[in-house]
Amino acid sequence: MSTQQASSAPEIVWTIVVAGGSGQRFGGPKQYEQLGDRRVLDWSVQAAREACTGQRDGVVIVVPAADAEREGAVPGGASRSDSVRAGLAAVPADATVVCVHDGARPFARLTDFQRVIAAVSAGADAAIPGTPVTDTIKQIAADGTVVHTPVRGDLRAVQTPQAFRASVLRAAHADGLDATDDAALVEASGGTVVVVPGDARNRKITDPDDLRWAREQVNAQSRPVTAIRVGQGFDIHRFSDDPTRPLVLGGVVFDGHPGLHGHSDADAVAHAVTDALLGAAGLGDIGEHFPDTDPQWKGVDSLILLRQAAALVRAAGWQIGNVDCSVVCEAPKLAPHKPAMQARLSDAAGAPVTVKGRRAEGLGALGRQEGIAVWAVAVINKVGAP
């Protein structure tokens, strides 16, 4: 059923933020509750906008019909599915990926969006974040007797944002059916739904205890920043003469292109990000921690190195703000793979990582396509006591 976007064209991503409920379980419209300096809904919308930054991307907000004019939003329907359909009707026809996000999940991060978008770009009809279930689950009958005990390791608690191939989501909603989430409609219509790692902090506000927890999180974040540091990373690799060596950039394999020469997998993007983080924290460089003379690092996945470096930065008392990197090469084209690269790098770093492609315009060794160079800049901070 998959209708994957042609690899040569970047995705056009729109997000529907669903906040059309009346909050019966909560005791009122929880999406309008104050959370720090803004409302719960405003946090969710901001997360969606950070993920939809392309010139043709966008965000549709769905609220109760009575509030639509005041909020400048789309009026919702009687059920969650009706509200999603109302939002979907406002999404332009040329959108290729549509995300659906709960307006009551204020702590979704850019990486949560990137993971699901990357999975759809890779060929799935739908991608949903899920976290492991820690309690034993029992399926019971109407009289309370246990019918079945599922294997806990096979279960996931599902969150939003969920991402969909736009045509698949529209088809799944065509019959006007209701479901607790849109992925269930795609499943029912025969679509392929994959689960990507979720985030325990991406908690949905359902009752007042959830809101109290959320406010505690915001209060903790509001403690004053006592130090900000910036680190720069750089890496360059020549192309390998080995025709069997894969090209790996940002944790993504680029099929049909020559690989880079190096001791590890020669992922120059991951190496530059790693060096930027280590430098910002004053922890040396990648060569000191993962020397190319050590056989344990031969052929290693460089995202493992990045993950370890990020852990070292945090162990030193620093929080990672973000990393931005520029990749200079004549080929391959990065645009079709950027969502996947950014998602995998961000997941390894535990913070947003952005990637930009640049050409050398035929100048020098890079312009002659002899190799690939990457520059990265990382920002880290320390948070002090109030």
# chains A, B, ... in the order shown; residues from 1 in each chain; ligands from 1

call {"tool": "select_by_dssp", "arguments": {"residues": "stretch 12-118 of chain A", "states": "alpha helix (DSSP H)", "output": "PyMOL selection string"}}
result
chain A and resi 40-51+68-71+80-89+110-118

call {"tool": "residues_around", "arguments": {"residues": "stretch 78-80 of chain A", "least_positions_apart": "3", "cutoff": "12 Å", "atoms": "only C-alpha atoms", "output": "number ranges by chain"}}
result
A: 16-23, 62-65, 75, 83-87, 100-103, 173, 176-182

call {"tool": "residues_around", "arguments": {"residues": "stretch 294-306 of chain A", "least_positions_apart": "2", "cutoff": "7 Å", "atoms": "only C-alpha atoms", "output": "number ranges by chain"}}
result
A: 251, 263-265, 267, 270-271, 274, 290-292, 308-310, 348-349

call {"tool": "closest_residue", "arguments": {"among": "A:Glu50, A:Asp112, A:Glu33, A:Glu370", "to": "A:Pro129", "atoms": "only C-alpha atoms"}}
result
A:Asp112

call {"tool": "residues_around", "arguments": {"residues": "A:Phe26", "least_positions_apart": "5", "cutoff": "12 Å", "atoms": "only C-alpha atoms", "output": "PDB file with C-alpha atoms, in the first residue's frame"}}
result
ATOM      1  CA  GLY A  21     -11.661  17.755  23.006  1.00  0.00           C
ATOM      2  CA  GLN A  31      -5.321  22.267  26.220  1.00  0.00           C
ATOM      3  CA  TYR A  32      -5.831  25.817  27.520  1.00  0.00           C
ATOM      4  CA  GLU A  33      -4.327  25.233  30.978  1.00  0.00           C
ATOM      5  CA  ALA A 104      -2.137  17.687  25.206  1.00  0.00           C
ATOM      6  CA  LYS A 204      -0.050  13.124  27.641  1.00  0.00           C
ATOM      7  CA  ILE A 205      -1.910  15.372  30.043  1.00  0.00           C
ATOM      8  CA  THR A 206      -5.068  13.438  30.877  1.00  0.00           C
ATOM      9  CA  ASP A 207      -5.842  14.293  34.511  1.00  0.00           C
ATOM     10  CA  PRO A 208      -4.819  16.982  37.033  1.00  0.00           C
ATOM     11  CA  ASP A 209      -1.923  14.848  38.325  1.00  0.00           C
ATOM     12  CA  ASP A 210      -0.424  14.915  34.823  1.00  0.00           C
ATOM     13  CA  LEU A 211      -0.649  18.711  34.762  1.00  0.00           C
TER      14      LEU A 211
END

call {"tool": "residues_around", "arguments": {"residues": "A:Ile117", "least_positions_apart": "6", "cutoff": "9 Å", "atoms": "only C-alpha atoms", "output": "MDAnalysis selection string"}}
result
chainID A and resid 11 13 97:99 126:127 162:164 339:340 343

call {"tool": "closest_residue", "arguments": {"among": "A:Arg109, A:Arg165, A:Asp57, A:Ala68", "to": "A:Ser44", "atoms": "only C-alpha atoms"}}
result
A:Arg109

call {"tool": "closest_residue", "arguments": {"among": "A:Thr136, A:Ser121, A:Thr96, A:Thr15", "to": "A:Met341", "atoms": "only C-alpha atoms"}}
result
A:Ser121

call {"tool": "atom_distance", "arguments": {"atom1": "atom CA of A:Ala48", "atom2": "atom CA of A:Asp324"}}
result
19.4 Å

call {"tool": "atom_distance", "arguments": {"atom1": "atom CA of A:Phe239", "atom2": "atom CA of A:Gly357"}}
result
17.5 Å

call {"tool": "select_by_dssp", "arguments": {"residues": "stretch 137-243 of chain A", "states": "strand (DSSP E)", "output": "tab-separated table (two decimals) with C-alpha atoms, in the first residue's frame"}}
result
chain	number	residue	atom	x	y	z
A	139	GLN	CA	-6.74	-8.97	28.93
A	140	ILE	CA	-9.98	-9.57	30.79
A	146	VAL	CA	-8.40	-13.06	32.80
A	147	VAL	CA	-8.54	-14.11	29.17
A	148	HIS	CA	-4.93	-13.61	28.13
A	156	ARG	CA	4.49	-0.72	23.40
A	157	ALA	CA	2.64	2.28	24.80
A	158	VAL	CA	1.96	4.46	21.77
A	162	GLN	CA	2.51	9.94	14.43
A	163	ALA	CA	3.54	10.35	10.79
A	164	PHE	CA	1.77	9.08	7.68
A	165	ARG	CA	2.22	9.02	3.95
A	193	VAL	CA	2.75	0.72	10.44
A	194	VAL	CA	6.17	0.71	12.13
A	195	VAL	CA	7.02	1.62	15.73
A	196	VAL	CA	10.03	3.84	16.43
A	197	PRO	CA	11.48	4.63	19.88
A	225	VAL	CA	21.60	28.94	33.08
A	226	THR	CA	25.01	29.54	34.65
A	227	ALA	CA	27.25	28.74	31.67
A	228	ILE	CA	26.98	28.36	27.90
A	229	ARG	CA	29.78	26.91	25.79
A	230	VAL	CA	30.23	26.39	22.06
A	231	GLY	CA	32.36	23.75	20.36
A	232	GLN	CA	33.45	23.34	16.76
A	233	GLY	CA	33.99	20.02	15.03
A	234	PHE	CA	35.57	19.22	11.68
A	235	ASP	CA	36.19	16.02	9.77
A	236	ILE	CA	37.28	15.15	6.25
A	237	HIS	CA	37.64	11.79	4.50
A	238	ARG	CA	38.75	10.87	1.03

call {"tool": "closest_residue", "arguments": {"among": "A:Phe107, A:Ala272, A:Pro352, A:Ala95", "to": "A:Val218", "atoms": "only C-alpha atoms"}}
result
A:Phe107

call {"tool": "closest_residue", "arguments": {"among": "A:Leu247, A:Ala281, A:Ile137, A:Ala124", "to": "A:Val186", "atoms": "only C-alpha atoms"}}
result
A:Ala124

call {"tool": "atom_distance", "arguments": {"atom1": "atom CA of A:Thr293", "atom2": "atom CA of A:Gly371"}}
result
22.0 Å

call {"tool": "residues_around", "arguments": {"residues": "A:Asp347", "least_positions_apart": "3", "cutoff": "9 Å", "atoms": "only C-alpha atoms", "output": "PDB file with C-alpha atoms, in the first residue's frame"}}
result
ATOM      1  CA  THR A 111      13.658  14.313  17.537  1.00  0.00           C
ATOM      2  CA  ASP A 112      10.264  12.657  18.098  1.00  0.00           C
ATOM      3  CA  ARG A 115      12.076   9.734  13.863  1.00  0.00           C
ATOM      4  CA  ARG A 307      26.335   8.312  21.735  1.00  0.00           C
ATOM      5  CA  GLN A 342      18.881  14.290  11.401  1.00  0.00           C
ATOM      6  CA  ALA A 343      16.703  11.754  13.215  1.00  0.00           C
ATOM      7  CA  ARG A 344      19.553   9.286  13.735  1.00  0.00           C
ATOM      8  CA  GLY A 350      20.043  13.114  22.693  1.00  0.00           C
ATOM      9  CA  ALA A 351      19.470  16.622  21.343  1.00  0.00           C
ATOM     10  CA  PRO A 352      18.480  18.261  18.046  1.00  0.00           C
ATOM     11  CA  VAL A 353      21.064  17.896  15.262  1.00  0.00           C
TER      12      VAL A 353
END

call {"tool": "closest_residue", "arguments": {"among": "A:Ala188, A:Val40, A:Leu249, A:Ala200", "to": "A:Arg215", "atoms": "only C-alpha atoms"}}
result
A:Val40
